[in-house]
file input.txt (compact mmCIF, C-alpha atoms and all ligand atoms)
# COMPACT_ATOMS: atom_id res chain seq x y z
CA MET A 1 4.16 6.12 -22.36
CA ALA A 2 1.28 8.51 -21.66
CA SER A 3 0.09 8.65 -18.02
CA ALA A 4 -2.73 6.42 -16.78
CA HIS A 5 -4.86 9.59 -16.67
CA GLN A 6 -4.33 10.42 -20.34
CA ARG A 7 -4.69 6.79 -21.42
CA ALA A 8 -7.98 6.58 -19.52
CA LEU A 9 -9.40 9.62 -21.35
CA ASP A 10 -8.25 8.22 -24.71
CA LEU A 11 -9.58 4.74 -24.00
CA HIS A 12 -12.93 6.12 -22.82
CA ARG A 13 -13.37 8.05 -26.09
CA ALA A 14 -12.28 5.05 -28.16
CA ARG A 15 -14.52 2.62 -26.30
CA TYR A 16 -17.72 4.67 -25.91
CA GLY A 17 -17.30 7.51 -28.41
CA THR A 18 -17.95 10.05 -25.64
CA THR A 19 -16.07 12.14 -23.11
CA PRO A 20 -16.41 11.21 -19.41
CA THR A 21 -17.70 13.87 -17.06
CA ARG A 22 -15.19 13.11 -14.31
CA VAL A 23 -12.05 11.16 -13.60
CA ALA A 24 -11.38 9.51 -10.23
CA SER A 25 -7.89 8.38 -9.30
CA ALA A 26 -5.86 7.06 -6.38
CA PRO A 27 -2.18 6.23 -5.86
CA GLY A 28 -0.30 3.10 -4.88
CA ARG A 29 2.03 3.40 -1.91
CA VAL A 30 5.44 2.50 -0.63
CA ASN A 31 5.99 2.14 3.10
CA LEU A 32 9.09 3.91 4.44
CA ILE A 33 8.92 2.23 7.85
CA GLY A 34 6.34 0.75 10.23
CA GLU A 35 5.80 -2.70 8.76
CA HIS A 36 3.25 -5.14 10.14
CA THR A 37 2.34 -2.61 12.81
CA ASP A 38 -1.00 -1.44 11.37
CA TYR A 39 -3.05 -4.42 12.56
CA ASN A 40 -1.41 -4.04 15.96
CA ASP A 41 -3.03 -0.58 16.22
CA GLY A 42 0.44 0.93 15.85
CA HIS A 43 2.00 3.63 13.67
CA VAL A 44 3.14 3.48 10.05
CA LEU A 45 4.98 5.94 7.80
CA PRO A 46 4.14 5.27 4.14
CA LEU A 47 4.02 7.65 1.21
CA ALA A 48 1.84 7.73 -1.91
CA LEU A 49 3.50 6.95 -5.21
CA PRO A 50 3.21 9.08 -8.34
CA MET A 51 1.73 6.00 -10.02
CA ARG A 52 -2.07 6.02 -9.90
CA THR A 53 -5.10 3.93 -10.82
CA VAL A 54 -7.63 5.93 -12.82
CA ILE A 55 -11.35 5.36 -13.40
CA THR A 56 -13.39 7.50 -15.78
CA VAL A 57 -17.01 8.25 -14.97
CA GLU A 58 -19.92 8.92 -17.31
CA PRO A 59 -23.27 8.59 -15.49
CA THR A 60 -25.73 6.06 -16.95
CA GLU A 61 -28.86 4.25 -15.87
CA GLY A 62 -28.90 0.62 -14.78
CA ASP A 63 -25.66 -1.34 -14.84
CA VAL A 64 -22.10 -0.27 -14.05
CA VAL A 65 -20.10 -0.90 -17.26
CA LEU A 66 -16.30 -0.94 -17.14
CA THR A 67 -13.46 -1.58 -19.55
CA SER A 68 -10.03 -2.19 -18.12
CA GLU A 69 -7.03 -1.38 -20.25
CA SER A 70 -5.26 -4.64 -19.45
CA PHE A 71 -7.81 -6.92 -17.78
CA GLY A 72 -10.91 -7.10 -19.99
CA GLU A 73 -14.46 -5.83 -19.52
CA ALA A 74 -16.96 -6.11 -16.68
CA THR A 75 -20.63 -5.24 -16.26
CA PHE A 76 -22.61 -5.56 -13.06
CA ASP A 77 -25.99 -4.65 -11.68
CA PRO A 78 -25.42 -2.59 -8.51
CA ASP A 79 -28.41 -4.39 -6.96
CA ASN A 80 -26.62 -7.74 -7.18
CA PRO A 81 -24.09 -8.84 -4.54
CA ALA A 82 -20.38 -8.11 -5.16
CA SER A 83 -19.65 -11.82 -4.83
CA ASP A 84 -21.26 -12.18 -8.29
CA SER A 85 -18.31 -10.31 -9.83
CA VAL A 86 -14.87 -11.84 -10.32
CA GLY A 87 -11.26 -10.62 -10.47
CA TRP A 88 -10.62 -6.87 -10.49
CA ALA A 89 -14.34 -6.12 -11.02
CA ARG A 90 -15.13 -7.55 -7.59
CA TYR A 91 -13.15 -4.69 -5.99
CA VAL A 92 -15.24 -2.11 -7.87
CA HIS A 93 -18.49 -3.96 -7.22
CA GLY A 94 -17.51 -4.23 -3.55
CA ALA A 95 -16.93 -0.46 -3.45
CA VAL A 96 -20.42 0.13 -4.84
CA GLU A 97 -22.03 -2.36 -2.49
CA LEU A 98 -20.35 -1.19 0.72
CA ALA A 99 -20.64 2.53 0.00
CA ARG A 100 -24.32 2.11 -0.76
CA GLY A 101 -24.76 0.04 2.40
CA GLU A 102 -23.32 2.96 4.40
CA GLY A 103 -25.81 5.36 2.87
CA TYR A 104 -23.59 7.07 0.33
CA GLY A 105 -25.47 7.91 -2.86
CA ILE A 106 -24.27 5.69 -5.68
CA SER A 107 -24.87 6.48 -9.34
CA PRO A 108 -24.31 3.81 -11.99
CA TRP A 109 -21.75 4.84 -14.58
CA ARG A 110 -19.77 3.63 -17.51
CA GLY A 111 -16.05 4.13 -17.65
CA VAL A 112 -12.60 2.68 -18.10
CA VAL A 113 -9.86 1.61 -15.69
CA THR A 114 -6.14 2.19 -16.27
CA THR A 115 -3.22 1.94 -13.89
CA ASP A 116 0.47 2.75 -13.59
CA VAL A 117 0.77 0.84 -10.30
CA PRO A 118 2.54 -2.49 -10.87
CA VAL A 119 0.13 -5.26 -9.88
CA GLY A 120 1.22 -7.75 -7.23
CA ALA A 121 4.49 -5.94 -6.50
CA SER A 122 3.62 -4.97 -2.90
CA LEU A 123 2.86 -1.38 -3.95
CA SER A 124 -0.85 -1.64 -3.03
CA SER A 125 -2.42 -1.79 -6.47
CA SER A 126 -5.55 -3.17 -4.82
CA ALA A 127 -5.86 -0.26 -2.37
CA ALA A 128 -5.43 2.16 -5.30
CA LEU A 129 -8.24 0.39 -7.17
CA GLU A 130 -10.48 0.39 -4.08
CA MET A 131 -9.98 4.09 -3.39
CA ALA A 132 -10.47 5.09 -7.04
CA ALA A 133 -13.59 2.90 -7.25
CA LEU A 134 -15.10 4.38 -4.09
CA ILE A 135 -14.52 7.91 -5.34
CA ALA A 136 -15.99 7.00 -8.74
CA ALA A 137 -19.02 5.32 -7.16
CA CYS A 138 -19.77 8.26 -4.86
CA LEU A 139 -19.03 11.04 -7.35
CA HIS A 140 -22.56 12.22 -7.74
CA GLY A 141 -23.46 12.15 -4.08
CA GLN A 142 -21.64 12.95 -0.87
CA SER A 143 -18.11 11.47 -0.87
CA PRO A 144 -16.72 9.86 2.30
CA GLU A 145 -13.95 11.66 4.22
CA PRO A 146 -10.48 10.05 3.78
CA ALA A 147 -10.67 7.96 6.99
CA ALA A 148 -14.17 6.70 6.13
CA LEU A 149 -13.03 6.02 2.58
CA ALA A 150 -10.10 4.00 3.91
CA ARG A 151 -12.31 2.02 6.30
CA LEU A 152 -14.62 1.15 3.41
CA GLY A 153 -11.61 0.10 1.35
CA GLN A 154 -10.33 -2.10 4.15
CA ARG A 155 -13.80 -3.68 4.37
CA ILE A 156 -13.66 -4.47 0.63
CA GLU A 157 -10.41 -6.37 1.34
CA ASN A 158 -11.71 -8.05 4.50
CA GLU A 159 -15.35 -8.76 3.65
CA VAL A 160 -15.55 -8.91 -0.14
CA ILE A 161 -12.11 -10.24 -1.13
CA GLY A 162 -11.50 -12.18 2.09
CA LEU A 163 -8.02 -10.94 3.10
CA GLY A 164 -7.42 -9.90 6.70
CA THR A 165 -5.27 -6.86 5.90
CA GLY A 166 -4.85 -3.68 7.98
CA ILE A 167 -5.70 -0.05 7.19
CA MET A 168 -2.33 1.38 6.10
CA ASP A 169 -2.57 0.97 2.33
CA GLN A 170 -6.06 2.41 1.99
CA LEU A 171 -5.49 5.34 4.34
CA VAL A 172 -2.30 6.54 2.71
CA SER A 173 -3.90 6.17 -0.72
CA ALA A 174 -6.87 8.24 0.51
CA ALA A 175 -5.12 10.91 2.55
CA ALA A 176 -1.52 11.36 1.33
CA VAL A 177 -0.04 14.81 0.83
CA ASP A 178 2.32 15.84 -1.95
CA GLY A 179 5.99 15.94 -0.92
CA ALA A 180 5.48 14.15 2.41
CA ALA A 181 5.25 10.75 4.01
CA LEU A 182 2.13 10.23 6.11
CA LEU A 183 2.42 9.26 9.76
CA ILE A 184 -0.71 7.24 10.51
CA ASP A 185 -1.98 6.25 13.94
CA CYS A 186 -3.73 3.05 12.98
CA ARG A 187 -5.95 3.14 16.07
CA SER A 188 -7.33 6.68 15.91
CA LEU A 189 -6.74 6.99 12.13
CA GLU A 190 -5.20 10.41 12.75
CA THR A 191 -2.72 11.35 10.07
CA ARG A 192 0.16 13.79 10.02
CA PRO A 193 2.25 14.66 6.95
CA VAL A 194 6.01 14.42 7.55
CA PRO A 195 7.84 16.20 4.69
CA LEU A 196 10.68 14.33 3.03
CA PRO A 197 13.87 16.22 3.91
CA ASP A 198 15.85 17.95 1.17
CA GLY A 199 18.79 16.21 -0.41
CA VAL A 200 17.44 12.70 -0.34
CA ALA A 201 15.39 10.46 -2.62
CA VAL A 202 13.13 7.50 -2.02
CA VAL A 203 13.95 4.77 -4.51
CA VAL A 204 11.56 1.86 -5.03
CA VAL A 205 13.15 -1.26 -6.48
CA ASP A 206 11.03 -4.03 -7.93
CA THR A 207 12.79 -7.37 -7.67
CA GLY A 208 10.50 -8.69 -10.40
CA THR A 209 9.23 -11.41 -8.07
CA ARG A 210 5.52 -11.87 -7.49
CA ARG A 211 3.55 -13.63 -4.87
CA GLU A 212 -0.08 -13.32 -4.04
CA LEU A 213 -0.35 -11.74 -0.62
CA GLU A 214 0.61 -14.77 1.43
CA THR A 215 -2.75 -15.14 3.10
CA SER A 216 -1.78 -17.98 5.36
CA ALA A 217 1.52 -16.43 6.50
CA TYR A 218 -0.14 -13.03 6.98
CA ASP A 219 -2.95 -14.55 9.02
CA GLU A 220 -0.44 -16.53 11.09
CA ARG A 221 1.51 -13.35 11.91
CA ARG A 222 -1.71 -11.62 12.92
CA ALA A 223 -2.62 -14.56 15.13
CA ASP A 224 0.87 -14.55 16.74
CA CYS A 225 0.49 -10.85 17.52
CA ALA A 226 -3.00 -11.32 18.96
CA GLU A 227 -1.63 -14.12 21.13
CA ALA A 228 1.27 -11.92 22.30
CA ALA A 229 -1.16 -9.13 23.22
CA ARG A 230 -3.37 -11.59 25.09
CA LEU A 231 -0.43 -12.99 27.06
CA LEU A 232 0.72 -9.47 27.93
CA GLY A 233 -2.79 -8.45 28.97
CA VAL A 234 -3.09 -5.56 26.52
CA ALA A 235 -5.75 -4.78 23.91
CA ALA A 236 -3.15 -4.65 21.12
CA LEU A 237 0.67 -4.79 20.95
CA ARG A 238 0.65 -1.03 20.54
CA ASP A 239 -0.21 -0.82 24.25
CA ALA A 240 2.77 -2.89 25.42
CA ASP A 241 6.12 -1.45 26.56
CA PRO A 242 9.14 -1.80 24.25
CA ASP A 243 10.77 -4.48 26.45
CA ASP A 244 7.63 -6.49 27.12
CA TRP A 245 8.59 -9.10 24.51
CA GLN A 246 11.05 -10.37 27.14
CA ARG A 247 8.07 -11.65 29.13
CA LEU A 248 7.12 -13.95 26.23
CA GLU A 249 8.71 -17.06 24.84
CA GLY A 250 9.58 -18.61 21.50
CA ARG A 251 7.98 -17.52 18.26
CA VAL A 252 5.48 -15.17 19.87
CA ALA A 253 8.35 -13.35 21.62
CA MET A 254 10.12 -12.88 18.26
CA ARG A 255 7.00 -11.49 16.61
CA ALA A 256 6.41 -9.11 19.52
CA ARG A 257 10.06 -8.02 19.51
CA HIS A 258 9.64 -6.97 15.87
CA VAL A 259 6.39 -5.08 16.40
CA LEU A 260 7.51 -3.33 19.59
CA GLY A 261 10.89 -2.45 18.08
CA GLU A 262 9.24 -1.22 14.90
CA GLN A 263 7.00 1.10 16.92
CA VAL A 264 10.10 2.70 18.45
CA ARG A 265 11.74 2.89 15.03
CA VAL A 266 8.75 4.70 13.49
CA ALA A 267 8.90 7.34 16.22
CA GLY A 268 12.66 7.65 15.66
CA ALA A 269 12.19 7.92 11.90
CA VAL A 270 9.72 10.80 12.28
CA GLU A 271 12.15 12.65 14.57
CA ALA A 272 15.00 12.01 12.16
CA MET A 273 13.00 13.32 9.21
CA ILE A 274 12.05 16.47 11.06
CA ALA A 275 15.66 17.00 12.11
CA GLY A 276 16.95 16.22 8.61
CA ASP A 277 19.07 13.42 10.12
CA LEU A 278 19.25 11.17 7.08
CA VAL A 279 21.89 8.85 8.49
CA THR A 280 19.65 7.91 11.41
CA LEU A 281 16.63 7.51 9.13
CA GLY A 282 18.60 5.14 6.89
CA ARG A 283 19.90 3.16 9.86
CA LEU A 284 16.37 2.69 11.19
CA MET A 285 15.26 1.39 7.78
CA ASP A 286 18.13 -1.11 7.82
CA GLN A 287 17.16 -2.25 11.30
CA SER A 288 13.55 -2.61 10.22
CA HIS A 289 14.53 -4.96 7.41
CA ASP A 290 16.75 -7.07 9.63
CA SER A 291 13.95 -7.41 12.16
CA LEU A 292 11.40 -8.36 9.48
CA ARG A 293 13.85 -10.95 8.15
CA ASP A 294 14.99 -12.46 11.43
CA ASP A 295 12.17 -11.98 13.94
CA TYR A 296 9.06 -11.58 11.83
CA GLU A 297 10.25 -13.94 9.07
CA VAL A 298 8.44 -12.25 6.19
CA SER A 299 11.36 -11.42 3.90
CA GLY A 300 12.57 -13.73 1.15
CA PRO A 301 15.70 -14.53 -0.89
CA ALA A 302 15.06 -11.92 -3.60
CA LEU A 303 14.19 -9.12 -1.14
CA ASP A 304 17.25 -9.94 0.99
CA ALA A 305 19.54 -10.05 -2.06
CA MET A 306 18.26 -6.71 -3.39
CA VAL A 307 18.55 -5.07 0.03
CA SER A 308 22.14 -6.18 0.51
CA THR A 309 23.12 -5.21 -3.05
CA ALA A 310 21.57 -1.75 -2.52
CA ARG A 311 23.31 -1.27 0.82
CA GLY A 312 26.70 -1.89 -0.78
CA LEU A 313 26.37 0.97 -3.29
CA PRO A 314 27.55 4.58 -2.86
CA GLY A 315 24.78 6.95 -1.78
CA CYS A 316 22.59 4.32 -0.13
CA LEU A 317 21.64 5.45 3.38
CA GLY A 318 19.35 2.49 4.14
CA ALA A 319 17.27 -0.19 2.46
CA ARG A 320 14.47 -2.52 3.46
CA MET A 321 11.68 -4.69 2.13
CA THR A 322 8.37 -2.86 1.91
CA GLY A 323 4.78 -4.07 2.28
CA GLY A 324 3.59 -7.49 3.32
CA GLY A 325 6.81 -9.27 2.31
CA PHE A 326 8.05 -12.46 0.59
CA ALA A 327 8.30 -10.87 -2.87
CA GLY A 328 7.86 -7.59 -4.75
CA CYS A 329 9.67 -4.38 -3.88
CA ILE A 330 12.27 -2.93 -1.58
CA VAL A 331 12.62 0.75 -0.67
CA ALA A 332 15.97 2.52 -0.42
CA LEU A 333 16.90 5.95 0.89
CA VAL A 334 19.53 7.50 -1.38
CA THR A 335 21.40 10.81 -1.23
CA GLY A 336 20.01 13.14 -3.88
CA ASP A 337 23.16 13.56 -5.96
CA LYS A 338 23.73 9.80 -6.21
CA VAL A 339 20.26 8.70 -7.37
CA ASP A 340 21.14 8.17 -11.02
CA SER A 341 24.41 6.34 -10.42
CA PHE A 342 22.81 4.26 -7.65
CA SER A 343 19.89 3.28 -9.86
CA GLU A 344 22.12 2.24 -12.75
CA ALA A 345 24.58 0.38 -10.57
CA LEU A 346 21.85 -1.48 -8.70
CA ALA A 347 20.11 -2.69 -11.87
CA ALA A 348 23.48 -3.89 -13.18
CA ALA A 349 24.72 -5.48 -9.95
CA TYR A 350 21.60 -7.36 -8.84
CA GLN A 351 21.82 -11.10 -9.21
CA ALA A 352 18.54 -12.87 -8.66
CA PRO A 353 19.00 -15.75 -6.24
CA ALA A 354 18.41 -19.22 -7.73
CA ALA A 355 15.86 -19.84 -4.99
CA GLN A 356 13.66 -16.98 -6.22
CA PRO A 357 14.24 -15.88 -9.82
CA SER A 358 12.55 -12.77 -11.25
CA THR A 359 9.49 -13.39 -13.40
CA GLU A 360 9.08 -9.71 -14.32
CA PRO A 361 11.71 -7.10 -15.23
CA VAL A 362 13.72 -5.61 -12.37
CA ALA A 363 12.84 -1.91 -12.16
CA VAL A 364 14.41 0.95 -10.20
CA MET A 365 12.18 4.00 -9.66
CA ALA A 366 13.02 7.20 -7.79
CA VAL A 367 9.64 8.38 -6.52
CA ARG A 368 8.37 11.73 -5.33
CA PRO A 369 5.86 11.46 -2.45
CA SER A 370 2.54 12.28 -4.10
CA SER A 371 -1.00 13.27 -3.21
CA GLY A 372 -3.89 10.97 -2.33
CA ALA A 373 -7.13 10.01 -4.02
CA SER A 374 -9.00 12.70 -5.93
CA SER A 375 -11.49 13.39 -8.64
CA GLU A 376 -11.55 16.05 -11.29
CA LEU A 377 -14.04 17.40 -13.79
CA VAL A 378 -13.20 16.75 -17.41
CA THR A 379 -13.45 20.02 -19.29
C1 LIG B 401 0.03 -5.41 3.54
C2 LIG B 401 -1.28 -5.04 4.21
C3 LIG B 401 -1.12 -3.85 5.15
C4 LIG B 401 0.05 -4.05 6.11
C5 LIG B 401 1.30 -4.49 5.35
C6 LIG B 401 2.44 -4.83 6.28
O1 LIG B 401 0.42 -4.37 2.68
O2 LIG B 401 -2.26 -4.72 3.24
O3 LIG B 401 -2.30 -3.62 5.85
O4 LIG B 401 -0.27 -4.94 7.12
O5 LIG B 401 1.03 -5.63 4.53
O6 LIG B 401 2.89 -3.70 6.94
call {"tool": "encode", "arguments": {"input": "input.txt", "output": "structure tokens", "more": "lines below"}}
Ligand code: GLA
result
Amino acid sequence: MASAHQRALDLHRARYGTTPTRVASAPGRVNLIGEHTDYNDGHVLPLALPMRTVITVEPTEGDVVLTSESFGEATFDPDNPASDSVGWARYVHGAVELARGEGYGISPWRGVVTTDVPVGASLSSSAALEMAALIAACLHGQSPEPAALARLGQRIENEVIGLGTGIMDQLVSAAAVDGAALLIDCRSLETRPVPLPDGVAVVVVDTGTRRELETSAYDERRADCAEAARLLGVAALRDADPDDWQRLEGRVAMRARHVLGEQVRVAGAVEAMIAGDLVTLGRLMDQSHDSLRDDYEVSGPALDAMVSTARGLPGCLGARMTGGGFAGCIVALVTGDKVDSFSEALAAAYQAPAAQPSTEPVAVMAVRPSSGASSELVT
């Protein structure tokens, strides 16, 4: 199939009979390690996927007019509130509303939306849409810097959509660098590219299970972490010492043990990547999954089954769930010369647990870390 970029150009011409002036796009992400640490002001180490969401831009007067390849059409007046729009269009309308509210010059446009990011698979299709929409909305004025872009995207999630998510997905989609994972300090929003060592591949595996971001479970975990920080007398769990969970009790102690351990694992993963120590990197990913499953309790039967199947195959250095949890994708670290055999064997060996059958095809994708949101002139 043609790329989302090419399909967007073709669809724009077919729909409007014209050529867009510019194309905005932004990638989905997979998180290598550092899960559920972003809203604790901690560190995360995601990378941008080669799959992108693309929005074409042809300036117009009046309304914003959009055609999505798979999800219908939407038209909105930028003067109306984003809450007037529904579904995917609310993300774009939210981008227009918030960027304008911050003083960025918005020009109405007509365009199309295409994506190669699987929707609802924990690969941040919504962050990709938010970043692409912000770039499209600001194209004819001054565009926000990556950190400001990410903050606006997070505000779309928090204020317009109503989900209390952190900053990781938006910031990696905005600021990622080709060939590298991005170490993000979720307090200062400083980023640092950490190149993927030679001889290894990142393999994303979609279990074919889907769950809306579990709002209630996500909010409960956030509340547990806030409670842990309060009991420890720190602003956020990022400020606690690795052993401080021992001063807590029960569920809150388990949540804190995950977050504090994960902070140490992210630092270890960065060191291991710089040193080319793939065995340690894989081991830390394994430990991250086990902690998310046992202490943070955000894994699920399908994610656990895929992780243990992957770990049993030759070439697998480590495997873990990725993203918010409960359903969607895992990420595996695989030695470079074994990627093809691993991918084939995993697709063949995976048995969906009866408790959580796949509703979409299982897919195994070796991914190159890719660059962040961008726009280009159509010539
Ligand atoms: C979702 C959220 C992120 C982050 C992850 C868990 O993807 O959008 O902000 O909290 O879950 O690491």
call {"tool": "closest_atom_pairs", "arguments": {"input": "input.txt", "of": "chain A", "to": "ligand LIG 401 (chain B)", "cutoff": "9 Å", "atoms": "all atoms listed in the file", "output": "Markdown table"}}
result
| residue | atom | partner | partner_atom | distance |
| --- | --- | --- | --- | --- |
| A:Asn31 | CA | B:LIG401 | O6 | 7.6 |
| A:Ile33 | CA | B:LIG401 | O6 | 8.5 |
| A:Gly34 | CA | B:LIG401 | O6 | 6.5 |
| A:Glu35 | CA | B:LIG401 | O6 | 3.6 |
| A:His36 | CA | B:LIG401 | O6 | 3.5 |
| A:Thr37 | CA | B:LIG401 | O6 | 6.0 |
| A:Asp38 | CA | B:LIG401 | O4 | 5.6 |
| A:Tyr39 | CA | B:LIG401 | O4 | 6.1 |
| A:Asn40 | CA | B:LIG401 | O4 | 9.0 |
| A:Val44 | CA | B:LIG401 | O6 | 7.8 |
| A:Ser122 | CA | B:LIG401 | O1 | 6.5 |
| A:Leu123 | CA | B:LIG401 | O1 | 7.7 |
| A:Ser124 | CA | B:LIG401 | O1 | 6.5 |
| A:Ser126 | CA | B:LIG401 | O2 | 8.8 |
| A:Ala127 | CA | B:LIG401 | O2 | 8.0 |
| A:Gln154 | CA | B:LIG401 | O3 | 8.3 |
| A:Glu157 | CA | B:LIG401 | O2 | 8.5 |
| A:Leu163 | CA | B:LIG401 | O2 | 8.5 |
| A:Gly164 | CA | B:LIG401 | O2 | 8.1 |
| A:Thr165 | CA | B:LIG401 | O3 | 4.4 |
| A:Gly166 | CA | B:LIG401 | O3 | 3.3 |
| A:Ile167 | CA | B:LIG401 | O3 | 5.1 |
| A:Met168 | CA | B:LIG401 | O3 | 5.0 |
| A:Asp169 | CA | B:LIG401 | C3 | 5.8 |
| A:Gln170 | CA | B:LIG401 | O3 | 8.1 |
| A:Leu213 | CA | B:LIG401 | C1 | 7.6 |
| A:Tyr218 | CA | B:LIG401 | O5 | 7.9 |
| A:Arg222 | CA | B:LIG401 | O4 | 9.0 |
| A:Thr322 | CA | B:LIG401 | O6 | 7.5 |
| A:Gly323 | CA | B:LIG401 | O1 | 4.4 |
| A:Gly324 | CA | B:LIG401 | O5 | 3.4 |
| A:Gly325 | CA | B:LIG401 | O5 | 7.2 |
call {"tool": "residues_around", "arguments": {"input": "input.txt", "residues": "range 371-376 of chain A", "least_positions_apart": "6", "cutoff": "10 Å", "atoms": "only C-alpha atoms", "output": "count of residues only"}}
result
40
call {"tool": "closest_residue", "arguments": {"input": "input.txt", "among": "A:Pro361, A:Pro59, A:Gly261, A:Gly94", "to": "Gly141 in chain A", "atoms": "all atoms listed in the file"}}
result
A:Pro59
call {"tool": "atom_distance", "arguments": {"input": "input.txt", "atom1": "CA of Ser358 in chain A", "atom2": "CA of Glu344 in chain A"}}
result
17.9 Å
call {"tool": "axis_aligned_box", "arguments": {"input": "input.txt", "around": "range 334-337 of chain A", "padding_each_side": "8 Å", "output": "JSON"}}
result
{"center_x": 21.3, "center_y": 10.5, "center_z": -3.6, "size_x": 19.6, "size_y": 22.1, "size_z": 20.7}
call {"tool": "closest_residue", "arguments": {"input": "input.txt", "among": "A:Ala133, A:Glu271, A:Ser291, A:Leu232", "to": "Met254 in chain A", "atoms": "all atoms listed in the file"}}
result
A:Ser291
call {"tool": "residues_around", "arguments": {"input": "input.txt", "residues": "Ala121 in chain A", "least_positions_apart": "3", "cutoff": "8 Å", "atoms": "only C-alpha atoms", "output": "list in words"}}
result
Pro118, Ser124, Asp206, Gly208, Thr209, Arg210, Arg211, Ala327, Gly328 and Cys329 of chain A
call {"tool": "write_last_selection", "arguments": {"input": "input.txt", "atoms": "C-alpha atoms", "output": "mmCIF file, in the coordinates of the input"}}
result
data_model
loop_
_atom_site.group_PDB
_atom_site.id
_atom_site.type_symbol
_atom_site.label_atom_id
_atom_site.label_comp_id
_atom_site.auth_asym_id
_atom_site.auth_seq_id
_atom_site.Cartn_x
_atom_site.Cartn_y
_atom_site.Cartn_z
ATOM 1 C CA PRO A 118 2.540 -2.490 -10.870
ATOM 2 C CA SER A 124 -0.850 -1.640 -3.030
ATOM 3 C CA ASP A 206 11.030 -4.030 -7.930
ATOM 4 C CA GLY A 208 10.500 -8.690 -10.400
ATOM 5 C CA THR A 209 9.230 -11.410 -8.070
ATOM 6 C CA ARG A 210 5.520 -11.870 -7.490
ATOM 7 C CA ARG A 211 3.550 -13.630 -4.870
ATOM 8 C CA ALA A 327 8.300 -10.870 -2.870
ATOM 9 C CA GLY A 328 7.860 -7.590 -4.750
ATOM 10 C CA CYS A 329 9.670 -4.380 -3.880
#
call {"tool": "residues_around", "arguments": {"input": "input.txt", "residues": "Thr335 in chain A", "least_positions_apart": "3", "cutoff": "7 Å", "atoms": "only C-alpha atoms", "output": "list in words"}}
result
Gly199, Val200, Ala201, Gly315, Cys316, Lys338 and Val339 of chain A
call {"tool": "closest_residue", "arguments": {"input": "input.txt", "among": "A:Ala348, A:Ala272, A:Ala363, A:Ala74", "to": "Val112 in chain A", "atoms": "only C-alpha atoms"}}
result
A:Ala74
